[in-house]
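This is protein-v5.pdb (PDB, C-alpha atoms, pLDDT in the B column).
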```
MODEL        1
ATOM      1  CA  MET A   5      78.290  60.297  92.219  1.00 58.00           C
ATOM      2  CA  SER A   6      81.685  59.535  93.714  1.00 70.00           C
ATOM      3  CA  ALA A   7      82.847  61.070  96.975  1.00 76.00           C
ATOM      4  CA  PRO A   8      85.173  64.068  96.747  1.00 90.00           C
ATOM      5  CA  PRO A   9      88.865  63.221  97.081  1.00 96.00           C
ATOM      6  CA  LEU A  10      90.447  63.305 100.510  1.00 97.00           C
ATOM      7  CA  LEU A  11      93.351  65.194  99.007  1.00 98.00           C
ATOM      8  CA  ARG A  12      94.202  66.650  95.652  1.00 98.00           C
ATOM      9  CA  ILE A  13      97.453  68.571  95.335  1.00 98.00           C
ATOM     10  CA  ASP A  14      99.830  69.547  92.595  1.00 98.00           C
ATOM     11  CA  PHE A  15     103.424  70.262  93.547  1.00 98.00           C
ATOM     12  CA  ALA A  16     106.838  70.928  92.057  1.00 97.00           C
ATOM     13  CA  ALA A  17     108.831  67.753  91.419  1.00 96.00           C
ATOM     14  CA  ARG A  18     111.569  68.806  93.809  1.00 96.00           C
ATOM     15  CA  ALA A  19     112.957  67.174  96.910  1.00 96.00           C
ATOM     16  CA  GLU A  20     112.098  70.336  98.839  1.00 96.00           C
ATOM     17  CA  SER A  21     108.390  69.674  98.222  1.00 97.00           C
ATOM     18  CA  LEU A  22     108.375  66.344 100.029  1.00 98.00           C
ATOM     19  CA  ALA A  23     107.996  67.558 103.617  1.00 97.00           C
ATOM     20  CA  ASP A  24     104.832  69.488 102.742  1.00 98.00           C
ATOM     21  CA  VAL A  25     103.471  66.525 100.784  1.00 98.00           C
ATOM     22  CA  ARG A  26     104.057  64.212 103.750  1.00 98.00           C
ATOM     23  CA  ALA A  27     102.266  66.624 106.062  1.00 98.00           C
ATOM     24  CA  ALA A  28      99.295  66.903 103.691  1.00 98.00           C
ATOM     25  CA  VAL A  29      99.015  63.122 103.363  1.00 98.00           C
ATOM     26  CA  GLN A  30      99.272  62.740 107.128  1.00 98.00           C
ATOM     27  CA  ARG A  31      96.404  65.191 107.603  1.00 98.00           C
ATOM     28  CA  ALA A  32      94.261  63.405 105.019  1.00 98.00           C
ATOM     29  CA  LEU A  33      94.833  60.044 106.699  1.00 97.00           C
ATOM     30  CA  ALA A  34      93.991  61.519 110.096  1.00 97.00           C
ATOM     31  CA  THR A  35      90.541  62.487 108.815  1.00 96.00           C
ATOM     32  CA  GLN A  36      89.970  58.786 108.095  1.00 94.00           C
ATOM     33  CA  HIS A  37      91.207  57.707 111.526  1.00 94.00           C
ATOM     34  CA  VAL A  38      93.983  55.575 110.061  1.00 95.00           C
ATOM     35  CA  ASP A  39      96.036  54.269 112.957  1.00 93.00           C
ATOM     36  CA  ALA A  40      99.399  55.877 113.538  1.00 94.00           C
ATOM     37  CA  ARG A  41     101.548  52.935 112.480  1.00 93.00           C
ATOM     38  CA  ALA A  42      99.680  52.334 109.243  1.00 95.00           C
ATOM     39  CA  ALA A  43      99.630  56.061 108.513  1.00 97.00           C
ATOM     40  CA  ALA A  44     103.401  56.303 108.970  1.00 97.00           C
ATOM     41  CA  ARG A  45     103.893  53.472 106.489  1.00 97.00           C
ATOM     42  CA  ILE A  46     101.545  54.982 103.941  1.00 98.00           C
ATOM     43  CA  VAL A  47     103.222  58.392 104.238  1.00 98.00           C
ATOM     44  CA  LEU A  48     106.599  56.718 103.717  1.00 98.00           C
ATOM     45  CA  ALA A  49     105.366  54.800 100.668  1.00 98.00           C
ATOM     46  CA  ILE A  50     103.972  57.940  99.042  1.00 98.00           C
ATOM     47  CA  ASP A  51     107.179  59.834  99.820  1.00 98.00           C
ATOM     48  CA  GLU A  52     109.175  57.033  98.177  1.00 98.00           C
ATOM     49  CA  ALA A  53     106.938  57.085  95.119  1.00 98.00           C
ATOM     50  CA  CYS A  54     107.331  60.862  94.781  1.00 98.00           C
ATOM     51  CA  ALA A  55     111.095  60.620  95.300  1.00 97.00           C
ATOM     52  CA  ASN A  56     111.318  58.018  92.542  1.00 96.00           C
ATOM     53  CA  ILE A  57     109.422  60.282  90.169  1.00 96.00           C
ATOM     54  CA  ILE A  58     111.715  63.207  91.026  1.00 96.00           C
ATOM     55  CA  ARG A  59     114.944  61.217  90.720  1.00 94.00           C
ATOM     56  CA  HIS A  60     114.216  58.736  87.970  1.00 93.00           C
ATOM     57  CA  ALA A  61     111.303  59.995  85.875  1.00 93.00           C
ATOM     58  CA  TYR A  62     112.185  63.702  85.889  1.00 93.00           C
ATOM     59  CA  ARG A  63     115.858  62.864  86.519  1.00 86.00           C
ATOM     60  CA  GLY A  64     116.128  65.588  89.128  1.00 69.00           C
ATOM     61  CA  CYS A  65     115.695  68.410  86.606  1.00 71.00           C
ATOM     62  CA  GLY A  66     113.202  70.136  88.933  1.00 65.00           C
ATOM     63  CA  ASP A  67     110.965  71.699  86.271  1.00 83.00           C
ATOM     64  CA  GLY A  68     108.188  69.149  86.411  1.00 94.00           C
ATOM     65  CA  HIS A  69     105.097  68.777  88.519  1.00 97.00           C
ATOM     66  CA  ILE A  70     103.400  65.894  90.276  1.00 98.00           C
ATOM     67  CA  ALA A  71      99.693  65.611  90.967  1.00 98.00           C
ATOM     68  CA  LEU A  72      98.582  63.526  93.937  1.00 98.00           C
ATOM     69  CA  ARG A  73      95.010  62.470  94.495  1.00 98.00           C
ATOM     70  CA  ILE A  74      93.805  60.383  97.425  1.00 98.00           C
ATOM     71  CA  GLU A  75      90.327  58.986  97.600  1.00 97.00           C
ATOM     72  CA  ARG A  76      88.485  56.508  99.732  1.00 96.00           C
ATOM     73  CA  ARG A  77      85.961  54.036  98.433  1.00 93.00           C
ATOM     74  CA  ARG A  78      84.418  52.085 101.262  1.00 89.00           C
ATOM     75  CA  GLY A  79      87.352  50.557 103.147  1.00 91.00           C
ATOM     76  CA  VAL A  80      89.928  51.153 100.455  1.00 96.00           C
ATOM     77  CA  LEU A  81      92.329  54.055 100.041  1.00 97.00           C
ATOM     78  CA  ARG A  82      93.433  54.802  96.511  1.00 98.00           C
ATOM     79  CA  PHE A  83      96.472  56.965  95.805  1.00 98.00           C
ATOM     80  CA  ARG A  84      97.121  58.294  92.322  1.00 98.00           C
ATOM     81  CA  LEU A  85     100.343  60.057  91.351  1.00 98.00           C
ATOM     82  CA  ARG A  86     100.548  61.607  87.923  1.00 97.00           C
ATOM     83  CA  ASP A  87     103.651  63.118  86.382  1.00 97.00           C
ATOM     84  CA  ARG A  88     104.483  64.616  83.005  1.00 95.00           C
ATOM     85  CA  ALA A  89     107.924  63.065  82.704  1.00 95.00           C
ATOM     86  CA  PRO A  90     109.007  60.866  79.796  1.00 92.00           C
ATOM     87  CA  ALA A  91     107.377  57.451  79.801  1.00 92.00           C
ATOM     88  CA  VAL A  92     108.844  54.952  82.248  1.00 92.00           C
ATOM     89  CA  ASP A  93     108.985  51.263  81.352  1.00 91.00           C
ATOM     90  CA  PRO A  94     106.917  49.572  84.084  1.00 91.00           C
ATOM     91  CA  GLY A  95     108.923  46.384  83.551  1.00 91.00           C
ATOM     92  CA  CYS A  96     111.975  48.157  84.954  1.00 89.00           C
ATOM     93  CA  VAL A  97     110.204  49.127  88.159  1.00 90.00           C
ATOM     94  CA  LYS A  98     110.175  46.218  90.551  1.00 91.00           C
ATOM     95  CA  PRO A  99     111.267  45.350  94.074  1.00 91.00           C
ATOM     96  CA  ARG A 100     114.828  44.218  94.535  1.00 91.00           C
ATOM     97  CA  ASP A 101     116.320  41.334  96.457  1.00 90.00           C
ATOM     98  CA  LEU A 102     116.642  42.556 100.035  1.00 89.00           C
ATOM     99  CA  SER A 103     119.315  40.005 100.846  1.00 88.00           C
ATOM    100  CA  GLU A 104     121.744  42.239  98.954  1.00 85.00           C
ATOM    101  CA  CYS A 105     123.163  44.945 101.202  1.00 86.00           C
ATOM    102  CA  ARG A 106     123.611  47.854  98.866  1.00 86.00           C
ATOM    103  CA  PRO A 107     122.544  51.490  98.848  1.00 87.00           C
ATOM    104  CA  GLY A 108     119.491  52.474  96.840  1.00 86.00           C
ATOM    105  CA  GLY A 109     116.569  50.733  95.216  1.00 86.00           C
ATOM    106  CA  LEU A 110     114.512  50.258  98.380  1.00 94.00           C
ATOM    107  CA  GLY A 111     111.664  52.571  97.449  1.00 95.00           C
ATOM    108  CA  ILE A 112     109.748  50.030  95.397  1.00 96.00           C
ATOM    109  CA  ASN A 113     110.134  47.435  98.141  1.00 96.00           C
ATOM    110  CA  ILE A 114     108.587  49.873 100.599  1.00 97.00           C
ATOM    111  CA  ILE A 115     105.686  50.623  98.248  1.00 97.00           C
ATOM    112  CA  ASP A 116     105.209  46.928  97.496  1.00 96.00           C
ATOM    113  CA  ASP A 117     105.207  46.026 101.171  1.00 96.00           C
ATOM    114  CA  THR A 118     102.862  48.826 102.214  1.00 97.00           C
ATOM    115  CA  MET A 119     100.248  48.729  99.480  1.00 97.00           C
ATOM    116  CA  ASP A 120      97.895  45.890  98.630  1.00 97.00           C
ATOM    117  CA  HIS A 121      98.587  46.492  94.994  1.00 96.00           C
ATOM    118  CA  TRP A 122     100.056  49.124  92.718  1.00 97.00           C
ATOM    119  CA  ARG A 123     100.378  49.754  89.034  1.00 97.00           C
ATOM    120  CA  LEU A 124     102.579  52.078  86.997  1.00 97.00           C
ATOM    121  CA  ARG A 125     101.188  53.034  83.623  1.00 96.00           C
ATOM    122  CA  PRO A 126     102.845  55.281  81.049  1.00 95.00           C
ATOM    123  CA  LEU A 127     100.313  57.451  79.246  1.00 92.00           C
ATOM    124  CA  LYS A 128      99.912  56.374  75.648  1.00 84.00           C
ATOM    125  CA  HIS A 129      99.290  59.593  73.802  1.00 81.00           C
ATOM    126  CA  ARG A 130     100.686  62.150  76.228  1.00 79.00           C
ATOM    127  CA  CYS A 131     103.874  62.635  78.130  1.00 87.00           C
ATOM    128  CA  GLY A 132     103.665  61.263  81.621  1.00 94.00           C
ATOM    129  CA  ASN A 133     103.023  58.316  83.881  1.00 97.00           C
ATOM    130  CA  VAL A 134     100.371  57.372  86.387  1.00 98.00           C
ATOM    131  CA  LEU A 135     101.157  55.386  89.495  1.00 98.00           C
ATOM    132  CA  THR A 136      98.111  54.003  91.255  1.00 98.00           C
ATOM    133  CA  MET A 137      98.469  52.451  94.685  1.00 98.00           C
ATOM    134  CA  VAL A 138      95.710  50.811  96.677  1.00 98.00           C
ATOM    135  CA  ARG A 139      95.604  50.012 100.347  1.00 97.00           C
ATOM    136  CA  ARG A 140      92.814  48.339 102.265  1.00 95.00           C
ATOM    137  CA  LEU A 141      92.211  49.924 105.644  1.00 90.00           C
ATOM    138  CA  HIS A 142      91.079  46.830 107.488  1.00 77.00           C
ATOM    139  CA  ALA A 143      92.055  43.175 107.779  1.00 60.00           C
ATOM    140  CA  ARG A 144      95.643  44.017 107.102  1.00 57.00           C
ATOM    141  CA  LYS A 145      98.780  44.239 109.159  1.00 51.00           C
ATOM    142  CA  ALA A 146     100.421  47.670 109.327  1.00 50.00           C
TER
ATOM    143  CA  MET B  19     117.826  73.609 118.204  1.00 59.00           C
ATOM    144  CA  MET B  20     117.175  73.636 114.463  1.00 69.00           C
ATOM    145  CA  ASP B  21     114.486  71.271 113.130  1.00 92.00           C
ATOM    146  CA  LYS B  22     117.168  69.262 111.403  1.00 94.00           C
ATOM    147  CA  GLY B  23     120.899  69.155 111.637  1.00 96.00           C
ATOM    148  CA  SER B  24     123.988  67.238 112.561  1.00 96.00           C
ATOM    149  CA  GLU B  25     127.079  67.466 114.693  1.00 96.00           C
ATOM    150  CA  LEU B  26     130.284  65.503 114.657  1.00 96.00           C
ATOM    151  CA  ARG B  27     132.327  64.785 117.748  1.00 95.00           C
ATOM    152  CA  ARG B  28     135.326  62.659 118.510  1.00 94.00           C
ATOM    153  CA  GLU B  29     135.323  60.208 121.409  1.00 94.00           C
ATOM    154  CA  GLY B  30     138.575  58.291 121.584  1.00 92.00           C
ATOM    155  CA  ASP B  31     138.851  56.005 118.596  1.00 91.00           C
ATOM    156  CA  TRP B  32     135.333  56.824 117.489  1.00 95.00           C
ATOM    157  CA  ALA B  33     133.817  59.639 115.495  1.00 96.00           C
ATOM    158  CA  VAL B  34     130.182  60.118 116.488  1.00 97.00           C
ATOM    159  CA  LEU B  35     127.895  61.791 113.980  1.00 97.00           C
ATOM    160  CA  ARG B  36     124.612  62.824 115.573  1.00 98.00           C
ATOM    161  CA  ILE B  37     121.764  63.518 113.177  1.00 98.00           C
ATOM    162  CA  TRP B  38     118.356  64.900 114.013  1.00 98.00           C
ATOM    163  CA  GLY B  39     115.202  65.889 112.158  1.00 97.00           C
ATOM    164  CA  GLU B  40     113.671  64.476 108.988  1.00 97.00           C
ATOM    165  CA  VAL B  41     116.101  62.758 106.624  1.00 98.00           C
ATOM    166  CA  ASP B  42     114.577  62.697 103.169  1.00 97.00           C
ATOM    167  CA  LEU B  43     115.671  63.244  99.592  1.00 97.00           C
ATOM    168  CA  SER B  44     116.189  66.965 100.211  1.00 96.00           C
ATOM    169  CA  TRP B  45     118.934  66.312 102.760  1.00 96.00           C
ATOM    170  CA  SER B  46     120.155  62.747 102.382  1.00 97.00           C
ATOM    171  CA  GLN B  47     122.974  63.582  99.960  1.00 96.00           C
ATOM    172  CA  ASP B  48     124.377  65.964 102.550  1.00 97.00           C
ATOM    173  CA  VAL B  49     124.066  63.279 105.236  1.00 97.00           C
ATOM    174  CA  ARG B  50     125.842  60.831 102.930  1.00 97.00           C
ATOM    175  CA  ARG B  51     128.698  63.293 102.456  1.00 97.00           C
ATOM    176  CA  GLN B  52     128.950  63.866 106.216  1.00 97.00           C
ATOM    177  CA  VAL B  53     129.016  60.134 106.916  1.00 96.00           C
ATOM    178  CA  LEU B  54     131.840  59.556 104.449  1.00 94.00           C
ATOM    179  CA  GLU B  55     133.773  62.645 105.559  1.00 94.00           C
ATOM    180  CA  ALA B  56     133.545  61.556 109.191  1.00 94.00           C
ATOM    181  CA  TYR B  57     135.964  58.749 108.392  1.00 90.00           C
ATOM    182  CA  ALA B  58     138.633  61.428 108.011  1.00 86.00           C
ATOM    183  CA  LYS B  59     138.306  62.058 111.769  1.00 84.00           C
ATOM    184  CA  ALA B  60     138.488  58.474 112.950  1.00 89.00           C
ATOM    185  CA  LYS B  61     138.641  54.946 111.666  1.00 87.00           C
ATOM    186  CA  TRP B  62     135.475  53.981 113.533  1.00 94.00           C
ATOM    187  CA  LEU B  63     132.159  55.738 113.044  1.00 97.00           C
ATOM    188  CA  ALA B  64     128.950  55.720 115.045  1.00 97.00           C
ATOM    189  CA  VAL B  65     125.850  57.480 113.751  1.00 98.00           C
ATOM    190  CA  GLN B  66     123.507  58.568 116.530  1.00 98.00           C
ATOM    191  CA  LEU B  67     119.903  58.503 115.360  1.00 98.00           C
ATOM    192  CA  ASP B  68     117.727  59.086 118.427  1.00 98.00           C
ATOM    193  CA  GLY B  69     116.631  62.486 117.138  1.00 98.00           C
ATOM    194  CA  VAL B  70     115.651  61.360 113.651  1.00 98.00           C
ATOM    195  CA  SER B  71     111.886  61.755 113.353  1.00 97.00           C
ATOM    196  CA  TYR B  72     111.638  60.493 109.775  1.00 98.00           C
ATOM    197  CA  ILE B  73     113.921  58.710 107.355  1.00 98.00           C
ATOM    198  CA  ASP B  74     113.314  57.504 103.816  1.00 98.00           C
ATOM    199  CA  SER B  75     115.233  55.055 101.669  1.00 97.00           C
ATOM    200  CA  SER B  76     117.651  57.735 100.462  1.00 97.00           C
ATOM    201  CA  GLY B  77     118.653  58.358 104.091  1.00 97.00           C
ATOM    202  CA  ILE B  78     119.008  54.630 104.684  1.00 97.00           C
ATOM    203  CA  ALA B  79     121.221  54.457 101.572  1.00 96.00           C
ATOM    204  CA  ALA B  80     123.586  57.016 103.150  1.00 97.00           C
ATOM    205  CA  LEU B  81     123.925  54.726 106.180  1.00 97.00           C
ATOM    206  CA  VAL B  82     124.512  51.679 103.972  1.00 97.00           C
ATOM    207  CA  GLU B  83     127.336  53.538 102.225  1.00 96.00           C
ATOM    208  CA  GLY B  84     128.917  54.328 105.578  1.00 95.00           C
ATOM    209  CA  PHE B  85     128.661  50.697 106.603  1.00 96.00           C
ATOM    210  CA  GLN B  86     130.173  49.491 103.333  1.00 95.00           C
ATOM    211  CA  HIS B  87     132.988  52.033 103.594  1.00 93.00           C
ATOM    212  CA  ALA B  88     133.899  50.713 107.050  1.00 93.00           C
ATOM    213  CA  ARG B  89     133.846  47.130 105.828  1.00 91.00           C
ATOM    214  CA  SER B  90     136.068  47.910 102.859  1.00 92.00           C
ATOM    215  CA  LYS B  91     138.615  49.750 105.031  1.00 89.00           C
ATOM    216  CA  GLY B  92     138.608  47.340 107.960  1.00 90.00           C
ATOM    217  CA  GLY B  93     136.949  49.928 110.215  1.00 91.00           C
ATOM    218  CA  ARG B  94     133.871  49.754 112.378  1.00 95.00           C
ATOM    219  CA  PHE B  95     130.460  51.274 111.856  1.00 97.00           C
ATOM    220  CA  ALA B  96     127.600  51.405 114.316  1.00 98.00           C
ATOM    221  CA  LEU B  97     124.148  52.890 114.639  1.00 98.00           C
ATOM    222  CA  LEU B  98     123.335  54.316 118.067  1.00 98.00           C
ATOM    223  CA  ALA B  99     119.856  54.511 119.560  1.00 98.00           C
ATOM    224  CA  PRO B 100     117.825  54.582 116.361  1.00 98.00           C
ATOM    225  CA  SER B 101     114.433  56.191 116.889  1.00 98.00           C
ATOM    226  CA  GLU B 102     111.260  54.210 116.331  1.00 97.00           C
ATOM    227  CA  ALA B 103     110.883  55.840 112.898  1.00 96.00           C
ATOM    228  CA  VAL B 104     114.372  54.700 111.893  1.00 98.00           C
ATOM    229  CA  ARG B 105     113.901  51.212 113.309  1.00 97.00           C
ATOM    230  CA  ALA B 106     110.687  50.741 111.357  1.00 96.00           C
ATOM    231  CA  VAL B 107     112.420  51.470 108.042  1.00 97.00           C
ATOM    232  CA  LEU B 108     115.477  49.376 108.937  1.00 97.00           C
ATOM    233  CA  GLU B 109     113.167  46.447 109.672  1.00 95.00           C
ATOM    234  CA  LEU B 110     111.246  46.996 106.465  1.00 94.00           C
ATOM    235  CA  ALA B 111     114.518  46.884 104.517  1.00 94.00           C
ATOM    236  CA  ARG B 112     115.723  43.957 106.656  1.00 93.00           C
ATOM    237  CA  LEU B 113     118.786  46.002 107.530  1.00 95.00           C
ATOM    238  CA  ASP B 114     118.191  45.656 111.261  1.00 95.00           C
ATOM    239  CA  ARG B 115     119.916  42.270 110.832  1.00 93.00           C
ATOM    240  CA  VAL B 116     122.839  43.809 108.976  1.00 94.00           C
ATOM    241  CA  PHE B 117     123.775  47.006 110.809  1.00 96.00           C
ATOM    242  CA  PRO B 118     125.465  46.800 114.204  1.00 97.00           C
ATOM    243  CA  ILE B 119     122.926  48.617 116.407  1.00 98.00           C
ATOM    244  CA  PHE B 120     123.675  49.701 119.969  1.00 98.00           C
ATOM    245  CA  ALA B 121     121.968  51.723 122.663  1.00 98.00           C
ATOM    246  CA  ASP B 122     124.964  54.026 123.105  1.00 97.00           C
ATOM    247  CA  LEU B 123     128.654  54.380 122.402  1.00 97.00           C
ATOM    248  CA  ASP B 124     129.702  52.428 125.484  1.00 96.00           C
ATOM    249  CA  ALA B 125     127.712  49.460 124.205  1.00 97.00           C
ATOM    250  CA  ALA B 126     129.274  49.856 120.759  1.00 96.00           C
ATOM    251  CA  ARG B 127     132.752  49.893 122.290  1.00 94.00           C
ATOM    252  CA  ALA B 128     131.960  46.689 124.136  1.00 93.00           C
ATOM    253  CA  GLY B 129     130.260  45.078 121.159  1.00 83.00           C
TER
ENDMDL
END
```
If you convert what's in this file into structure tokens, what do you get?
Amino acid sequence: MSAPPLLRIDFAARAESLADVRAAVQRALATQHVDARAAARIVLAIDEACANIIRHAYRGCGDGHIALRIERRRGVLRFRLRDRAPAVDPGCVKPRDLSECRPGGLGINIIDDTMDHWRLRPLKHRCGNVLTMVRRLHARKA
Amino acid sequence: MMDKGSELRREGDWAVLRIWGEVDLSWSQDVRRQVLEAYAKAKWLAVQLDGVSYIDSSGIAALVEGFQHARSKGGRFALLAPSEAVRAVLELARLDRVFPIFADLDAARAG
């Protein structure tokens, strides 16, 4: 039997939800004694992922919801974000060249840099997408 | 003091926009507007960030727009005293090598 999730929340896909989501993630990470620097990075990465869903998947319409689930399996944290927005083409979601100084598009870089791996998967037979992000807790720089 | 906010003041040739609190998607468009509007007060703009406890990429984008505006108009743009939270994201985005960053306005004037 798998361990219960560290956090499972469902929230409105609105920018105003993000502060509460960050606080909830912070609390969940504190229960696992994640060091402050790593926790700050993880909170930022999850915030960026949620912001991308709000802005790009739901296109800021504000009617959708996002479900976040965090679980720990041994020394690995797994974050799962599920939305019910129209399918997103995973091929369009990739880090950008940071040598270009331009506004926007940094969120994926932050996720990519913070997580050990991540995968965006549109649901085949239902509306929505699932973003799974994995981060090892040890043997990794913050 | 409110948990987040901003104030704009004029110091000689500089407009100084002080921002505090958490800058995320819920507020960053407003910050962007304030940054761009501050150029109406002065040709040179400094954004004071010591009170920013959190910033995401949308907040960083507002700063990048301010920087680009200054470059396109021949003005100056500076970040003053970025908090540790701001510095961490600037470094992650490699923008700490791009933005002029100073401890205070006197240092920016001299820089």
Give as a PDB file with C-alpha atoms, keeping the file's coordinate frame the residues that the ChimeraX specification (/A :<10) & /B matches when applied to the coordinates above.
```pdb
ATOM      1  CA  GLU B  40     113.671  64.476 108.988  1.00 97.00           C
ATOM      2  CA  VAL B  41     116.101  62.758 106.624  1.00 98.00           C
ATOM      3  CA  ASP B  42     114.577  62.697 103.169  1.00 97.00           C
ATOM      4  CA  LEU B  43     115.671  63.244  99.592  1.00 97.00           C
ATOM      5  CA  SER B  44     116.189  66.965 100.211  1.00 96.00           C
ATOM      6  CA  TRP B  45     118.934  66.312 102.760  1.00 96.00           C
ATOM      7  CA  TYR B  72     111.638  60.493 109.775  1.00 98.00           C
ATOM      8  CA  ILE B  73     113.921  58.710 107.355  1.00 98.00           C
ATOM      9  CA  ASP B  74     113.314  57.504 103.816  1.00 98.00           C
ATOM     10  CA  SER B  75     115.233  55.055 101.669  1.00 97.00           C
ATOM     11  CA  SER B  76     117.651  57.735 100.462  1.00 97.00           C
ATOM     12  CA  GLY B  77     118.653  58.358 104.091  1.00 97.00           C
ATOM     13  CA  ILE B  78     119.008  54.630 104.684  1.00 97.00           C
ATOM     14  CA  ALA B  79     121.221  54.457 101.572  1.00 96.00           C
ATOM     15  CA  ALA B  80     123.586  57.016 103.150  1.00 97.00           C
ATOM     16  CA  LEU B  81     123.925  54.726 106.180  1.00 97.00           C
ATOM     17  CA  VAL B  82     124.512  51.679 103.972  1.00 97.00           C
ATOM     18  CA  GLU B  83     127.336  53.538 102.225  1.00 96.00           C
ATOM     19  CA  GLY B  84     128.917  54.328 105.578  1.00 95.00           C
ATOM     20  CA  PHE B  85     128.661  50.697 106.603  1.00 96.00           C
ATOM     21  CA  GLN B  86     130.173  49.491 103.333  1.00 95.00           C
ATOM     22  CA  ALA B 103     110.883  55.840 112.898  1.00 96.00           C
ATOM     23  CA  ALA B 106     110.687  50.741 111.357  1.00 96.00           C
ATOM     24  CA  VAL B 107     112.420  51.470 108.042  1.00 97.00           C
ATOM     25  CA  LEU B 110     111.246  46.996 106.465  1.00 94.00           C
ATOM     26  CA  ALA B 111     114.518  46.884 104.517  1.00 94.00           C
ATOM     27  CA  ARG B 112     115.723  43.957 106.656  1.00 93.00           C
ATOM     28  CA  LEU B 113     118.786  46.002 107.530  1.00 95.00           C
ATOM     29  CA  VAL B 116     122.839  43.809 108.976  1.00 94.00           C
ATOM     30  CA  PHE B 117     123.775  47.006 110.809  1.00 96.00           C
TER      31      PHE B 117
END
```
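If you measure from each of B:Arg105, B:Arg50, B:Arg115, B:Arg36 to His87 (chain B) using all atoms listed in the file, the closest one turns out to be B:Arg50.
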Gap from CA of Leu97 (chain B) to CA of Val65 (chain B) - Å, one decimal = 5.0 Å
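For the atom pair formed by CA of Gly68 (chain A) and CA of Ala17 (chain A), the distance is 5.2 Å, given to one decimal.
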Atom pair CA of Leu81 (chain A) + CA of Phe15 (chain A), distance 20.7 Å
Write out as a list in words the residues lying within 12 Å of Lys61 (chain B), counting all atoms listed in the file and excluding same-chain residues fewer than 4 positions away.
-> Arg28, Glu29, Gly30, Asp31, Trp32, Ala33, Val34, Val53, Leu54, Glu55, Ala56, Tyr57, Gly84, Phe85, His87, Ala88, Arg89, Ser90, Lys91, Gly92, Gly93, Arg94, Phe95 and Ala96 of chain B
Using 4 Å of padding on each side, determine the axis-aligned box around all atoms of region 123-133 of chain A present in the file and give its centre and edge lengths in Å to one decimal, as lines of an AutoDock Vina configuration file.
```
center_x = 101.6
center_y = 56.2
center_z = 81.4
size_x = 12.6
size_y = 20.9
size_z = 23.2
```
Option closest in space to Leu85 (chain A), from A:Leu135, A:Ile13, A:Ile46, A:Ala28 [counting all atoms listed in the file] |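 Looking at the shortest contact to Leu85 (chain A), the residue is A:Leu135.
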Please evaluate the PyMOL selection byres ((chain A and resi 33) around 12) against the displayed coordinates and give the resulting residues as a ChimeraX atom specification.
-> /A:9-11,26-32,34-47,74-76,80-83,139,141
Do you know which residues are at most 7 Å from Ser24 (chain B) counting only C-alpha atoms, after dropping those on the same chain fewer than 3 positions away, and could you put them as a ChimeraX atom specification?
-> /B:35-38
Keeping C-alpha atoms for every residue in the selection just given, could you write it to a file as an mmCIF file, in the frame of the given file?
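Final output, out-v3.cif:
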```
data_model
loop_
_atom_site.group_PDB
_atom_site.id
_atom_site.type_symbol
_atom_site.label_atom_id
_atom_site.label_comp_id
_atom_site.auth_asym_id
_atom_site.auth_seq_id
_atom_site.Cartn_x
_atom_site.Cartn_y
_atom_site.Cartn_z
ATOM 1 C CA LEU B 35 127.895 61.791 113.980
ATOM 2 C CA ARG B 36 124.612 62.824 115.573
ATOM 3 C CA ILE B 37 121.764 63.518 113.177
ATOM 4 C CA TRP B 38 118.356 64.900 114.013
#
```
Only N, CA and C atoms needed: put region 48-58 of chain B from the block into a file as a compact mmCIF listing (two decimals), in the first residue's frame.
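Heads up, here's the output in part33.txt:
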```
# COMPACT_ATOMS: atom_id res chain seq x y z
N ASP B 48 0.52 44.66 -12.76
CA ASP B 48 0.45 45.99 -12.16
C ASP B 48 1.86 46.56 -11.96
N VAL B 49 2.77 45.69 -11.52
CA VAL B 49 4.17 46.12 -11.36
C VAL B 49 4.74 46.54 -12.71
N ARG B 50 4.46 45.77 -13.73
CA ARG B 50 4.93 46.09 -15.08
C ARG B 50 4.45 47.48 -15.50
N ARG B 51 3.16 47.73 -15.26
CA ARG B 51 2.58 49.03 -15.63
C ARG B 51 3.27 50.15 -14.84
N GLN B 52 3.52 49.91 -13.56
CA GLN B 52 4.17 50.95 -12.74
C GLN B 52 5.60 51.21 -13.20
N VAL B 53 6.29 50.16 -13.57
CA VAL B 53 7.67 50.32 -14.06
C VAL B 53 7.66 51.18 -15.32
N LEU B 54 6.78 50.88 -16.24
CA LEU B 54 6.77 51.63 -17.51
C LEU B 54 6.26 53.05 -17.31
N GLU B 55 5.29 53.22 -16.41
CA GLU B 55 4.77 54.57 -16.15
C GLU B 55 5.79 55.44 -15.42
N ALA B 56 6.68 54.81 -14.67
CA ALA B 56 7.68 55.59 -13.93
C ALA B 56 8.59 56.38 -14.86
N TYR B 57 8.72 55.90 -16.08
CA TYR B 57 9.56 56.64 -17.04
C TYR B 57 8.96 57.99 -17.42
N ALA B 58 7.69 58.19 -17.09
CA ALA B 58 7.09 59.51 -17.32
C ALA B 58 7.62 60.53 -16.32
```
